[in-house]
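The file run29.cif contains mmCIF, N, CA and C atoms:
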data_run
loop_
_atom_site.label_atom_id
_atom_site.label_comp_id
_atom_site.auth_asym_id
_atom_site.auth_seq_id
_atom_site.Cartn_x
_atom_site.Cartn_y
_atom_site.Cartn_z
N MET A 545 0.82 -1.19 0.00
CA MET A 545 0.00 0.00 0.00
C MET A 545 0.87 1.26 0.00
N THR A 546 1.93 1.28 0.80
CA THR A 546 2.77 2.46 0.89
C THR A 546 3.43 2.76 -0.45
N THR A 547 3.94 1.73 -1.13
CA THR A 547 4.58 1.93 -2.42
C THR A 547 3.58 2.52 -3.42
N ARG A 548 2.38 1.97 -3.45
CA ARG A 548 1.35 2.47 -4.35
C ARG A 548 1.04 3.94 -4.02
N PHE A 549 0.96 4.24 -2.74
CA PHE A 549 0.70 5.60 -2.30
C PHE A 549 1.79 6.54 -2.79
N LEU A 550 3.05 6.17 -2.61
CA LEU A 550 4.16 7.02 -3.03
C LEU A 550 4.15 7.25 -4.52
N ARG A 551 3.93 6.20 -5.28
CA ARG A 551 3.94 6.33 -6.74
C ARG A 551 2.80 7.19 -7.24
N SER A 552 1.70 7.29 -6.47
CA SER A 552 0.56 8.08 -6.90
C SER A 552 0.77 9.58 -6.65
N LEU A 553 1.76 9.93 -5.85
CA LEU A 553 2.02 11.34 -5.57
C LEU A 553 2.70 12.01 -6.75
N PRO A 554 2.39 13.28 -6.98
CA PRO A 554 3.12 14.01 -8.01
C PRO A 554 4.59 14.08 -7.64
N SER A 555 5.46 14.13 -8.64
CA SER A 555 6.90 14.12 -8.37
C SER A 555 7.33 15.28 -7.50
N ARG A 556 6.66 16.40 -7.59
CA ARG A 556 7.06 17.54 -6.76
C ARG A 556 6.83 17.25 -5.28
N TRP A 557 5.91 16.33 -4.94
CA TRP A 557 5.68 15.98 -3.54
C TRP A 557 6.79 15.09 -3.02
N ARG A 558 7.49 14.44 -3.92
CA ARG A 558 8.60 13.59 -3.50
C ARG A 558 9.88 14.41 -3.34
N ALA A 559 9.81 15.66 -3.72
CA ALA A 559 10.99 16.53 -3.64
C ALA A 559 11.24 16.94 -2.19
N ALA A 560 12.41 17.47 -1.95
CA ALA A 560 12.84 17.82 -0.59
C ALA A 560 11.91 18.83 0.07
N THR A 561 11.34 19.76 -0.69
CA THR A 561 10.53 20.81 -0.07
C THR A 561 9.26 20.28 0.57
N ASP A 562 8.76 19.16 0.13
CA ASP A 562 7.52 18.62 0.68
C ASP A 562 7.75 17.35 1.49
N ARG A 563 8.97 17.09 1.89
CA ARG A 563 9.27 15.85 2.60
C ARG A 563 8.65 15.78 3.98
N ARG A 564 8.46 16.92 4.62
CA ARG A 564 7.84 16.88 5.95
C ARG A 564 6.43 16.30 5.87
N VAL A 565 5.65 16.78 4.92
CA VAL A 565 4.29 16.28 4.75
C VAL A 565 4.33 14.79 4.40
N LEU A 566 5.19 14.43 3.47
CA LEU A 566 5.31 13.04 3.06
C LEU A 566 5.75 12.16 4.23
N GLY A 567 6.70 12.67 5.01
CA GLY A 567 7.17 11.92 6.17
C GLY A 567 6.06 11.65 7.16
N ILE A 568 5.24 12.65 7.42
CA ILE A 568 4.12 12.48 8.34
C ILE A 568 3.14 11.46 7.80
N LEU A 569 2.80 11.57 6.53
CA LEU A 569 1.86 10.62 5.93
C LEU A 569 2.42 9.20 5.94
N LEU A 570 3.70 9.06 5.58
CA LEU A 570 4.32 7.75 5.54
C LEU A 570 4.36 7.11 6.91
N LEU A 571 4.82 7.85 7.88
CA LEU A 571 4.94 7.28 9.22
C LEU A 571 3.58 6.91 9.78
N SER A 572 2.58 7.71 9.49
CA SER A 572 1.23 7.37 9.94
C SER A 572 0.78 6.06 9.33
N ALA A 573 0.99 5.93 8.03
CA ALA A 573 0.59 4.70 7.34
C ALA A 573 1.41 3.51 7.79
N LEU A 574 2.71 3.71 7.93
CA LEU A 574 3.60 2.61 8.28
C LEU A 574 3.38 2.09 9.68
N LEU A 575 3.01 2.96 10.57
CA LEU A 575 2.79 2.53 11.94
C LEU A 575 1.38 1.99 12.15
N GLY A 576 0.58 1.97 11.10
CA GLY A 576 -0.77 1.44 11.20
C GLY A 576 -1.63 2.25 12.15
N LEU A 577 -1.47 3.54 12.08
CA LEU A 577 -2.12 4.39 13.07
C LEU A 577 -3.60 4.58 12.83
N THR A 578 -4.12 4.10 11.75
CA THR A 578 -5.54 4.27 11.50
C THR A 578 -6.37 3.17 12.12
N ALA A 579 -5.75 2.13 12.62
CA ALA A 579 -6.49 0.98 13.15
C ALA A 579 -7.27 1.32 14.40
N SER A 580 -6.68 2.00 15.32
CA SER A 580 -7.33 2.33 16.57
C SER A 580 -7.05 3.79 16.89
N HIS A 581 -8.09 4.60 16.91
CA HIS A 581 -7.91 6.04 17.04
C HIS A 581 -7.16 6.41 18.31
N GLY A 582 -7.54 5.89 19.46
CA GLY A 582 -6.86 6.20 20.72
C GLY A 582 -5.43 5.76 20.71
N LEU A 583 -5.20 4.53 20.27
CA LEU A 583 -3.85 4.00 20.17
C LEU A 583 -3.05 4.78 19.14
N ALA A 584 -3.70 5.15 18.06
CA ALA A 584 -3.03 5.92 17.02
C ALA A 584 -2.54 7.25 17.57
N ASP A 585 -3.38 7.92 18.33
CA ASP A 585 -2.98 9.20 18.91
C ASP A 585 -1.76 9.03 19.82
N ASP A 586 -1.76 7.98 20.63
CA ASP A 586 -0.63 7.73 21.53
C ASP A 586 0.65 7.44 20.76
N HIS A 587 0.58 6.57 19.75
CA HIS A 587 1.76 6.24 18.94
C HIS A 587 2.28 7.47 18.21
N TRP A 588 1.35 8.21 17.62
CA TRP A 588 1.74 9.39 16.87
C TRP A 588 2.40 10.41 17.79
N ARG A 589 1.81 10.63 18.96
CA ARG A 589 2.35 11.58 19.92
C ARG A 589 3.75 11.15 20.38
N ASP A 590 3.91 9.86 20.65
CA ASP A 590 5.22 9.33 21.07
C ASP A 590 6.28 9.55 19.99
N LEU A 591 5.92 9.25 18.75
CA LEU A 591 6.85 9.43 17.63
C LEU A 591 7.20 10.90 17.45
N HIS A 592 6.20 11.74 17.47
CA HIS A 592 6.42 13.18 17.31
C HIS A 592 7.32 13.71 18.43
N ASP A 593 7.05 13.30 19.66
CA ASP A 593 7.87 13.72 20.80
C ASP A 593 9.31 13.24 20.68
N ALA A 594 9.48 12.01 20.19
CA ALA A 594 10.83 11.46 20.03
C ALA A 594 11.63 12.25 19.00
N VAL A 595 11.00 12.66 17.92
CA VAL A 595 11.68 13.46 16.91
C VAL A 595 11.95 14.87 17.44
N ARG A 596 10.94 15.48 18.05
CA ARG A 596 11.08 16.84 18.55
C ARG A 596 12.15 16.94 19.65
N SER A 597 12.24 15.93 20.49
CA SER A 597 13.22 15.96 21.58
C SER A 597 14.61 15.53 21.14
N GLY A 598 14.73 15.07 19.90
CA GLY A 598 16.03 14.67 19.38
C GLY A 598 16.39 13.21 19.64
N ARG A 599 15.46 12.44 20.20
CA ARG A 599 15.73 11.01 20.41
C ARG A 599 15.73 10.25 19.10
N LEU A 600 14.97 10.74 18.11
CA LEU A 600 14.96 10.16 16.77
C LEU A 600 15.25 11.26 15.76
N VAL A 601 15.97 10.91 14.71
CA VAL A 601 16.24 11.84 13.61
C VAL A 601 14.97 11.94 12.76
N ALA A 602 14.64 13.14 12.35
CA ALA A 602 13.46 13.35 11.51
C ALA A 602 13.69 12.72 10.13
N LEU A 603 12.66 12.12 9.58
CA LEU A 603 12.75 11.48 8.27
C LEU A 603 13.27 12.41 7.18
N PRO A 604 12.87 13.68 7.13
CA PRO A 604 13.41 14.55 6.08
C PRO A 604 14.94 14.66 6.11
N GLU A 605 15.54 14.58 7.27
CA GLU A 605 17.00 14.62 7.35
C GLU A 605 17.63 13.40 6.69
N ILE A 606 17.02 12.24 6.90
CA ILE A 606 17.50 11.00 6.28
C ILE A 606 17.36 11.11 4.76
N LEU A 607 16.22 11.58 4.30
CA LEU A 607 15.96 11.68 2.87
C LEU A 607 16.88 12.73 2.22
N ASP A 608 17.16 13.82 2.92
CA ASP A 608 18.10 14.82 2.39
C ASP A 608 19.49 14.23 2.25
N TRP A 609 19.92 13.45 3.24
CA TRP A 609 21.24 12.80 3.20
C TRP A 609 21.33 11.89 1.98
N LEU A 610 20.29 11.09 1.78
CA LEU A 610 20.27 10.17 0.63
C LEU A 610 20.30 10.93 -0.68
N GLU A 611 19.48 11.96 -0.80
CA GLU A 611 19.41 12.72 -2.05
C GLU A 611 20.75 13.36 -2.39
N ALA A 612 21.50 13.78 -1.39
CA ALA A 612 22.80 14.41 -1.63
C ALA A 612 23.83 13.41 -2.13
N ARG A 613 23.64 12.13 -1.85
CA ARG A 613 24.67 11.13 -2.15
C ARG A 613 24.28 10.09 -3.20
N TYR A 614 22.98 9.89 -3.40
CA TYR A 614 22.51 8.84 -4.31
C TYR A 614 21.42 9.37 -5.22
N GLU A 615 21.45 8.91 -6.47
CA GLU A 615 20.41 9.25 -7.43
C GLU A 615 19.30 8.22 -7.33
N GLY A 616 18.07 8.66 -7.49
CA GLY A 616 16.95 7.73 -7.50
C GLY A 616 15.72 8.32 -6.85
N GLN A 617 14.67 7.53 -6.87
CA GLN A 617 13.40 7.94 -6.28
C GLN A 617 13.06 6.99 -5.13
N VAL A 618 12.53 7.58 -4.07
CA VAL A 618 12.10 6.78 -2.92
C VAL A 618 10.84 6.02 -3.30
N LEU A 619 10.88 4.71 -3.08
CA LEU A 619 9.71 3.87 -3.33
C LEU A 619 8.93 3.61 -2.05
N GLU A 620 9.67 3.41 -0.96
CA GLU A 620 9.01 3.01 0.28
C GLU A 620 9.91 3.38 1.47
N VAL A 621 9.28 3.75 2.57
CA VAL A 621 9.99 4.02 3.81
C VAL A 621 9.30 3.26 4.93
N GLU A 622 10.11 2.63 5.76
CA GLU A 622 9.57 1.92 6.93
C GLU A 622 10.32 2.37 8.16
N LEU A 623 9.58 2.53 9.24
CA LEU A 623 10.19 2.77 10.54
C LEU A 623 9.96 1.49 11.33
N GLU A 624 11.05 0.87 11.75
CA GLU A 624 10.93 -0.43 12.44
C GLU A 624 11.58 -0.37 13.80
N ARG A 625 10.97 -1.09 14.73
CA ARG A 625 11.56 -1.25 16.05
C ARG A 625 11.82 -2.73 16.23
N ASP A 626 13.09 -3.07 16.36
CA ASP A 626 13.50 -4.46 16.47
C ASP A 626 14.59 -4.59 17.53
N ASP A 627 14.39 -5.45 18.48
CA ASP A 627 15.39 -5.70 19.52
C ASP A 627 15.88 -4.41 20.17
N GLY A 628 14.97 -3.50 20.46
CA GLY A 628 15.32 -2.26 21.13
C GLY A 628 15.95 -1.20 20.24
N ARG A 629 16.12 -1.49 18.96
CA ARG A 629 16.71 -0.54 18.02
C ARG A 629 15.65 -0.07 17.03
N THR A 630 15.61 1.23 16.82
CA THR A 630 14.66 1.81 15.86
C THR A 630 15.43 2.17 14.60
N THR A 631 14.93 1.72 13.46
CA THR A 631 15.61 1.98 12.19
C THR A 631 14.63 2.50 11.14
N TYR A 632 15.18 3.28 10.23
CA TYR A 632 14.47 3.66 9.00
C TYR A 632 15.00 2.75 7.91
N GLU A 633 14.12 2.18 7.14
CA GLU A 633 14.50 1.44 5.94
C GLU A 633 13.92 2.19 4.75
N VAL A 634 14.79 2.61 3.86
CA VAL A 634 14.38 3.41 2.70
C VAL A 634 14.72 2.63 1.45
N GLU A 635 13.71 2.31 0.67
CA GLU A 635 13.89 1.60 -0.59
C GLU A 635 13.86 2.63 -1.72
N MET A 636 14.89 2.59 -2.56
CA MET A 636 14.99 3.54 -3.67
C MET A 636 15.11 2.81 -5.00
N LEU A 637 14.59 3.45 -6.04
CA LEU A 637 14.72 2.99 -7.41
C LEU A 637 15.79 3.84 -8.07
N GLY A 638 16.87 3.19 -8.53
CA GLY A 638 17.99 3.90 -9.13
C GLY A 638 17.76 4.23 -10.59
N PRO A 639 18.64 5.02 -11.19
CA PRO A 639 18.49 5.48 -12.56
C PRO A 639 18.59 4.36 -13.60
N GLN A 640 19.16 3.21 -13.22
CA GLN A 640 19.27 2.08 -14.14
C GLN A 640 18.25 1.00 -13.80
N GLY A 641 17.25 1.35 -13.00
CA GLY A 641 16.21 0.41 -12.64
C GLY A 641 16.54 -0.47 -11.45
N GLN A 642 17.69 -0.24 -10.81
CA GLN A 642 18.05 -1.04 -9.66
C GLN A 642 17.25 -0.60 -8.43
N VAL A 643 16.95 -1.56 -7.57
CA VAL A 643 16.25 -1.28 -6.31
C VAL A 643 17.24 -1.54 -5.19
N VAL A 644 17.41 -0.54 -4.34
CA VAL A 644 18.36 -0.62 -3.24
C VAL A 644 17.66 -0.21 -1.96
N GLU A 645 17.94 -0.96 -0.89
CA GLU A 645 17.40 -0.62 0.42
C GLU A 645 18.52 -0.10 1.30
N PHE A 646 18.30 1.07 1.88
CA PHE A 646 19.24 1.70 2.80
C PHE A 646 18.64 1.60 4.19
N GLU A 647 19.46 1.22 5.16
CA GLU A 647 18.99 1.11 6.54
C GLU A 647 19.76 2.11 7.40
N PHE A 648 19.02 2.90 8.17
CA PHE A 648 19.59 3.94 9.02
C PHE A 648 19.18 3.71 10.47
N ASP A 649 20.10 3.97 11.38
CA ASP A 649 19.76 4.01 12.79
C ASP A 649 18.93 5.27 12.99
N ALA A 650 17.71 5.13 13.48
CA ALA A 650 16.81 6.27 13.60
C ALA A 650 17.21 7.21 14.73
N GLU A 651 18.01 6.73 15.66
CA GLU A 651 18.44 7.59 16.77
C GLU A 651 19.63 8.47 16.38
N SER A 652 20.57 7.93 15.62
CA SER A 652 21.77 8.68 15.25
C SER A 652 21.74 9.22 13.82
N GLY A 653 20.92 8.61 12.96
CA GLY A 653 20.90 8.97 11.56
C GLY A 653 21.99 8.29 10.75
N GLU A 654 22.77 7.43 11.41
CA GLU A 654 23.89 6.75 10.76
C GLU A 654 23.40 5.68 9.78
N LEU A 655 24.00 5.64 8.60
CA LEU A 655 23.73 4.58 7.64
C LEU A 655 24.36 3.30 8.19
N ILE A 656 23.55 2.27 8.41
CA ILE A 656 24.07 1.03 9.00
C ILE A 656 24.04 -0.15 8.04
N GLY A 657 23.43 0.03 6.87
CA GLY A 657 23.43 -1.06 5.91
C GLY A 657 22.81 -0.66 4.59
N MET A 658 23.23 -1.38 3.55
CA MET A 658 22.68 -1.21 2.20
C MET A 658 22.62 -2.57 1.56
N GLU A 659 21.58 -2.82 0.81
CA GLU A 659 21.56 -4.05 0.02
C GLU A 659 20.82 -3.81 -1.27
N GLY A 660 21.32 -4.44 -2.30
CA GLY A 660 20.75 -4.29 -3.62
C GLY A 660 21.83 -4.50 -4.66
N VAL A 661 21.44 -4.35 -5.90
CA VAL A 661 22.34 -4.56 -7.03
C VAL A 661 22.78 -3.22 -7.58
N ASN A 662 24.07 -3.12 -7.93
CA ASN A 662 24.63 -1.94 -8.58
C ASN A 662 24.41 -0.66 -7.76
N ILE A 663 24.70 -0.74 -6.48
CA ILE A 663 24.57 0.42 -5.60
C ILE A 663 25.49 1.55 -6.08
N ASP A 664 26.69 1.19 -6.51
CA ASP A 664 27.63 2.21 -6.99
C ASP A 664 27.07 2.99 -8.18
N GLY A 665 26.21 2.37 -8.96
CA GLY A 665 25.59 3.05 -10.10
C GLY A 665 24.62 4.14 -9.69
N MET A 666 24.27 4.20 -8.41
CA MET A 666 23.36 5.22 -7.90
C MET A 666 24.11 6.38 -7.24
N ARG A 667 25.39 6.17 -6.95
CA ARG A 667 26.15 7.23 -6.26
C ARG A 667 26.27 8.46 -7.15
N ARG A 668 26.08 9.59 -6.55
CA ARG A 668 26.30 10.85 -7.28
C ARG A 668 27.79 10.98 -7.56
N LYS A 669 28.15 11.62 -8.62
CA LYS A 669 29.53 11.68 -9.08
C LYS A 669 30.50 12.15 -8.00
N GLU A 670 30.15 13.16 -7.24
CA GLU A 670 31.06 13.65 -6.21
C GLU A 670 31.24 12.62 -5.09
N GLU A 671 30.31 11.66 -4.95
CA GLU A 671 30.41 10.62 -3.94
C GLU A 671 31.11 9.38 -4.47
N ALA A 672 31.16 9.21 -5.78
CA ALA A 672 31.70 7.99 -6.37
C ALA A 672 33.23 7.90 -6.24
N GLN A 673 33.89 8.98 -6.01
CA GLN A 673 35.35 9.00 -5.98
C GLN A 673 35.90 8.55 -4.67
#
Could you rewrite the structure in this file as structure tokens?
Amino acid sequence: MTTRFLRSLPSRWRAATDRRVLGILLLSALLGLTASHGLADDHWRDLHDAVRSGRLVALPEILDWLEARYEGQVLEVELERDDGRTTYEVEMLGPQGQVVEFEFDAESGELIGMEGVNIDGMRRKEEAQ
């Protein structure tokens, strides 16, 4: 559903200037916040507080970092909590049709993993050297 949602947005909404709105919509959808209104409010408030207080890096910062270093379009973003660690997983479509997933520590913003084919083909020229 999230991928379909992202692809339905106009390209200007995927641009850096509108990432805050996209980030809010994505995180709401990804956390399943529509299932239970009371629970949704609590989860949303907790996430918002974590970003505002600096415990989590805001999604637009992650997307800006990626855009500065890699060419491609974001297909999907997931916020996951696993074994006490919160991560962003960002799936991108590269210029040669490659799909690459980038994993970031949501607390530090550090890139902790990448997987996919021809990742180097997505690096921006100033990053490729």
Residue with smallest distance to Leu607 of chain A - pool A:Val621, A:Gln642, A:Thr630, A:Asp593, counting only C-alpha atoms: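 The closest residue to Leu607 of chain A is A:Val621.
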Backbone DSSP call of helix (DSSP H, G or I) for segment 579-624 of chain A, listed as a list in words: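 Selection result, helix (DSSP H, G or I) within segment 579-624 of chain A: His581, Gly582, Leu583, Ala584, Asp585, Asp586, His587, Trp588, Arg589, Asp590, Leu591, His592, Asp593, Ala594, Val595, Arg596, Leu603, Pro604, Glu605, Ile606, Leu607, Asp608, Trp609, Leu610, Glu611, Ala612 and Arg613 of chain A.
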Closest of A:Val634, A:Leu600, A:Val643, A:Leu610 to Glu622 of chain A - atom-to-atom distances counting only C-alpha atoms: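 When distances to Glu622 of chain A are compared using only C-alpha atoms, the smallest one comes from A:Val634.
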Residue nearest Arg625 of chain A among A:Leu591, A:Val661, A:Val644, A:Met666 (counting only C-alpha atoms):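 Among the listed residues, A:Leu591 lies closest to Arg625 of chain A.
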Selection result of the PyMOL selection byres ((chain A and resi 614) around 5) on this file, as a PyMOL selection string: chain A and resi 610-613+615-616+666-668
Only N, CA and C atoms, please: the residues just picked out, written as an mmCIF file, in the frame of the given file.
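Generated file (result_12.cif):
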data_model
loop_
_atom_site.group_PDB
_atom_site.id
_atom_site.type_symbol
_atom_site.label_atom_id
_atom_site.label_comp_id
_atom_site.auth_asym_id
_atom_site.auth_seq_id
_atom_site.Cartn_x
_atom_site.Cartn_y
_atom_site.Cartn_z
ATOM 1 N N LEU A 610 20.290 11.090 1.780
ATOM 2 C CA LEU A 610 20.270 10.170 0.630
ATOM 3 C C LEU A 610 20.300 10.930 -0.680
ATOM 4 N N GLU A 611 19.480 11.960 -0.800
ATOM 5 C CA GLU A 611 19.410 12.720 -2.050
ATOM 6 C C GLU A 611 20.750 13.360 -2.390
ATOM 7 N N ALA A 612 21.500 13.780 -1.390
ATOM 8 C CA ALA A 612 22.800 14.410 -1.630
ATOM 9 C C ALA A 612 23.830 13.410 -2.130
ATOM 10 N N ARG A 613 23.640 12.130 -1.850
ATOM 11 C CA ARG A 613 24.670 11.130 -2.150
ATOM 12 C C ARG A 613 24.280 10.090 -3.200
ATOM 13 N N GLU A 615 21.450 8.910 -6.470
ATOM 14 C CA GLU A 615 20.410 9.250 -7.430
ATOM 15 C C GLU A 615 19.300 8.220 -7.330
ATOM 16 N N GLY A 616 18.070 8.660 -7.490
ATOM 17 C CA GLY A 616 16.950 7.730 -7.500
ATOM 18 C C GLY A 616 15.720 8.320 -6.850
ATOM 19 N N MET A 666 24.270 4.200 -8.410
ATOM 20 C CA MET A 666 23.360 5.220 -7.900
ATOM 21 C C MET A 666 24.110 6.380 -7.240
ATOM 22 N N ARG A 667 25.390 6.170 -6.950
ATOM 23 C CA ARG A 667 26.150 7.230 -6.260
ATOM 24 C C ARG A 667 26.270 8.460 -7.150
ATOM 25 N N ARG A 668 26.080 9.590 -6.550
ATOM 26 C CA ARG A 668 26.300 10.850 -7.280
ATOM 27 C C ARG A 668 27.790 10.980 -7.560
#
Contacts of Glu654 of chain A within 12 Å, only C-alpha atoms, excl. fewer than 5 positions in-chain, as a list in words: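 The residues satisfying every condition are Leu600, Val601, Glu605, Ile606, Trp609, Leu610, Thr630, Thr631, Tyr632, Glu633, Phe646, Glu647, Phe648 and Asp649 of chain A.
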Please dump the current selection as a PDB file, in the coordinates of the input; keep N, CA and C atoms.
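Result saved to out_0.pdb:
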ATOM      1  N   LEU A 600      14.970  10.740  18.110  1.00  0.00           N
ATOM      2  CA  LEU A 600      14.960  10.160  16.770  1.00  0.00           C
ATOM      3  C   LEU A 600      15.250  11.260  15.760  1.00  0.00           C
ATOM      4  N   VAL A 601      15.970  10.910  14.710  1.00  0.00           N
ATOM      5  CA  VAL A 601      16.240  11.840  13.610  1.00  0.00           C
ATOM      6  C   VAL A 601      14.970  11.940  12.760  1.00  0.00           C
ATOM      7  N   GLU A 605      15.540  14.580   7.270  1.00  0.00           N
ATOM      8  CA  GLU A 605      17.000  14.620   7.350  1.00  0.00           C
ATOM      9  C   GLU A 605      17.630  13.400   6.690  1.00  0.00           C
ATOM     10  N   ILE A 606      17.020  12.240   6.900  1.00  0.00           N
ATOM     11  CA  ILE A 606      17.500  11.000   6.280  1.00  0.00           C
ATOM     12  C   ILE A 606      17.360  11.110   4.760  1.00  0.00           C
ATOM     13  N   TRP A 609      19.920  13.450   3.240  1.00  0.00           N
ATOM     14  CA  TRP A 609      21.240  12.800   3.200  1.00  0.00           C
ATOM     15  C   TRP A 609      21.330  11.890   1.980  1.00  0.00           C
ATOM     16  N   LEU A 610      20.290  11.090   1.780  1.00  0.00           N
ATOM     17  CA  LEU A 610      20.270  10.170   0.630  1.00  0.00           C
ATOM     18  C   LEU A 610      20.300  10.930  -0.680  1.00  0.00           C
ATOM     19  N   THR A 630      15.610   1.230  16.820  1.00  0.00           N
ATOM     20  CA  THR A 630      14.660   1.810  15.860  1.00  0.00           C
ATOM     21  C   THR A 630      15.430   2.170  14.600  1.00  0.00           C
ATOM     22  N   THR A 631      14.930   1.720  13.460  1.00  0.00           N
ATOM     23  CA  THR A 631      15.610   1.980  12.190  1.00  0.00           C
ATOM     24  C   THR A 631      14.630   2.500  11.140  1.00  0.00           C
ATOM     25  N   TYR A 632      15.180   3.280  10.230  1.00  0.00           N
ATOM     26  CA  TYR A 632      14.470   3.660   9.000  1.00  0.00           C
ATOM     27  C   TYR A 632      15.000   2.750   7.910  1.00  0.00           C
ATOM     28  N   GLU A 633      14.120   2.180   7.140  1.00  0.00           N
ATOM     29  CA  GLU A 633      14.500   1.440   5.940  1.00  0.00           C
ATOM     30  C   GLU A 633      13.920   2.190   4.750  1.00  0.00           C
ATOM     31  N   PHE A 646      18.300   1.070   1.880  1.00  0.00           N
ATOM     32  CA  PHE A 646      19.240   1.700   2.800  1.00  0.00           C
ATOM     33  C   PHE A 646      18.640   1.600   4.190  1.00  0.00           C
ATOM     34  N   GLU A 647      19.460   1.220   5.160  1.00  0.00           N
ATOM     35  CA  GLU A 647      18.990   1.110   6.540  1.00  0.00           C
ATOM     36  C   GLU A 647      19.760   2.110   7.400  1.00  0.00           C
ATOM     37  N   PHE A 648      19.020   2.900   8.170  1.00  0.00           N
ATOM     38  CA  PHE A 648      19.590   3.940   9.020  1.00  0.00           C
ATOM     39  C   PHE A 648      19.180   3.710  10.470  1.00  0.00           C
ATOM     40  N   ASP A 649      20.100   3.970  11.380  1.00  0.00           N
ATOM     41  CA  ASP A 649      19.760   4.010  12.790  1.00  0.00           C
ATOM     42  C   ASP A 649      18.930   5.270  12.990  1.00  0.00           C
TER      43      ASP A 649
END
Atom N of Ile663 of chain A to atom N of Asp627 of chain A, distance in Å rounded to a single decimal: 27.4 Å
Between atom C of Leu655 of chain A and atom N of Asp586 of chain A, distance in Å (one decimal):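 Calculated distance between atom C of Leu655 of chain A and atom N of Asp586 of chain A is 29.3 Å.
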Point-to-point distance in Å for atom N of His592 of chain A and atom N of Gly638 of chain A: 29.4 Å
Using only C-alpha atoms: which of A:Leu623, A:Arg596, A:Glu651, A:Asn662 has the shortest distance to Leu637 of chain A: A:Asn662
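The smallest atom-to-atom distance between Leu619 of chain A and any of A:Met636, A:Val595, A:Leu603, A:Ile656, using all atoms listed in the file, is found for A:Met636.
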Which of segment 575-657 of chain A fall in strand (DSSP E or B), as a ChimeraX atom specification: /A:614,617-626,629-637,643-649,655-657
Would you save the residues of that selection, restricted to N, CA and C atoms, as a compact mmCIF listing (two decimals), keeping the file's coordinate frame?
# COMPACT_ATOMS: atom_id res chain seq x y z
N TYR A 614 22.98 9.89 -3.40
CA TYR A 614 22.51 8.84 -4.31
C TYR A 614 21.42 9.37 -5.22
N GLN A 617 14.67 7.53 -6.87
CA GLN A 617 13.40 7.94 -6.28
C GLN A 617 13.06 6.99 -5.13
N VAL A 618 12.53 7.58 -4.07
CA VAL A 618 12.10 6.78 -2.92
C VAL A 618 10.84 6.02 -3.30
N LEU A 619 10.88 4.71 -3.08
CA LEU A 619 9.71 3.87 -3.33
C LEU A 619 8.93 3.61 -2.05
N GLU A 620 9.67 3.41 -0.96
CA GLU A 620 9.01 3.01 0.28
C GLU A 620 9.91 3.38 1.47
N VAL A 621 9.28 3.75 2.57
CA VAL A 621 9.99 4.02 3.81
C VAL A 621 9.30 3.26 4.93
N GLU A 622 10.11 2.63 5.76
CA GLU A 622 9.57 1.92 6.93
C GLU A 622 10.32 2.37 8.16
N LEU A 623 9.58 2.53 9.24
CA LEU A 623 10.19 2.77 10.54
C LEU A 623 9.96 1.49 11.33
N GLU A 624 11.05 0.87 11.75
CA GLU A 624 10.93 -0.43 12.44
C GLU A 624 11.58 -0.37 13.80
N ARG A 625 10.97 -1.09 14.73
CA ARG A 625 11.56 -1.25 16.05
C ARG A 625 11.82 -2.73 16.23
N ASP A 626 13.09 -3.07 16.36
CA ASP A 626 13.50 -4.46 16.47
C ASP A 626 14.59 -4.59 17.53
N ARG A 629 16.12 -1.49 18.96
CA ARG A 629 16.71 -0.54 18.02
C ARG A 629 15.65 -0.07 17.03
N THR A 630 15.61 1.23 16.82
CA THR A 630 14.66 1.81 15.86
C THR A 630 15.43 2.17 14.60
N THR A 631 14.93 1.72 13.46
CA THR A 631 15.61 1.98 12.19
C THR A 631 14.63 2.50 11.14
N TYR A 632 15.18 3.28 10.23
CA TYR A 632 14.47 3.66 9.00
C TYR A 632 15.00 2.75 7.91
N GLU A 633 14.12 2.18 7.14
CA GLU A 633 14.50 1.44 5.94
C GLU A 633 13.92 2.19 4.75
N VAL A 634 14.79 2.61 3.86
CA VAL A 634 14.38 3.41 2.70
C VAL A 634 14.72 2.63 1.45
N GLU A 635 13.71 2.31 0.67
CA GLU A 635 13.89 1.60 -0.59
C GLU A 635 13.86 2.63 -1.72
N MET A 636 14.89 2.59 -2.56
CA MET A 636 14.99 3.54 -3.67
C MET A 636 15.11 2.81 -5.00
N LEU A 637 14.59 3.45 -6.04
CA LEU A 637 14.72 2.99 -7.41
C LEU A 637 15.79 3.84 -8.07
N VAL A 643 16.95 -1.56 -7.57
CA VAL A 643 16.25 -1.28 -6.31
C VAL A 643 17.24 -1.54 -5.19
N VAL A 644 17.41 -0.54 -4.34
CA VAL A 644 18.36 -0.62 -3.24
C VAL A 644 17.66 -0.21 -1.96
N GLU A 645 17.94 -0.96 -0.89
CA GLU A 645 17.40 -0.62 0.42
C GLU A 645 18.52 -0.10 1.30
N PHE A 646 18.30 1.07 1.88
CA PHE A 646 19.24 1.70 2.80
C PHE A 646 18.64 1.60 4.19
N GLU A 647 19.46 1.22 5.16
CA GLU A 647 18.99 1.11 6.54
C GLU A 647 19.76 2.11 7.40
N PHE A 648 19.02 2.90 8.17
CA PHE A 648 19.59 3.94 9.02
C PHE A 648 19.18 3.71 10.47
N ASP A 649 20.10 3.97 11.38
CA ASP A 649 19.76 4.01 12.79
C ASP A 649 18.93 5.27 12.99
N LEU A 655 24.00 5.64 8.60
CA LEU A 655 23.73 4.58 7.64
C LEU A 655 24.36 3.30 8.19
N ILE A 656 23.55 2.27 8.41
CA ILE A 656 24.07 1.03 9.00
C ILE A 656 24.04 -0.15 8.04
N GLY A 657 23.43 0.03 6.87
CA GLY A 657 23.43 -1.06 5.91
C GLY A 657 22.81 -0.66 4.59
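For the choices A:Pro604, A:Asp590, A:Asp626, A:Arg599, the atom-to-atom distance to Ser652 of chain A is smallest for A:Arg599 when using only C-alpha atoms.
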Quick one: segment 640-647 of chain A with C-alpha atoms, as an mmCIF file, in the first residue's frame?
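Wrote it out as result.cif, contents follow:
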data_model
loop_
_atom_site.group_PDB
_atom_site.id
_atom_site.type_symbol
_atom_site.label_atom_id
_atom_site.label_comp_id
_atom_site.auth_asym_id
_atom_site.auth_seq_id
_atom_site.Cartn_x
_atom_site.Cartn_y
_atom_site.Cartn_z
ATOM 1 C CA GLN A 640 19.272 2.084 -14.144
ATOM 2 C CA GLY A 641 16.209 0.408 -12.642
ATOM 3 C CA GLN A 642 18.051 -1.038 -9.659
ATOM 4 C CA VAL A 643 16.254 -1.276 -6.314
ATOM 5 C CA VAL A 644 18.363 -0.623 -3.239
ATOM 6 C CA GLU A 645 17.400 -0.617 0.417
ATOM 7 C CA PHE A 646 19.237 1.697 2.798
ATOM 8 C CA GLU A 647 18.988 1.115 6.538
#
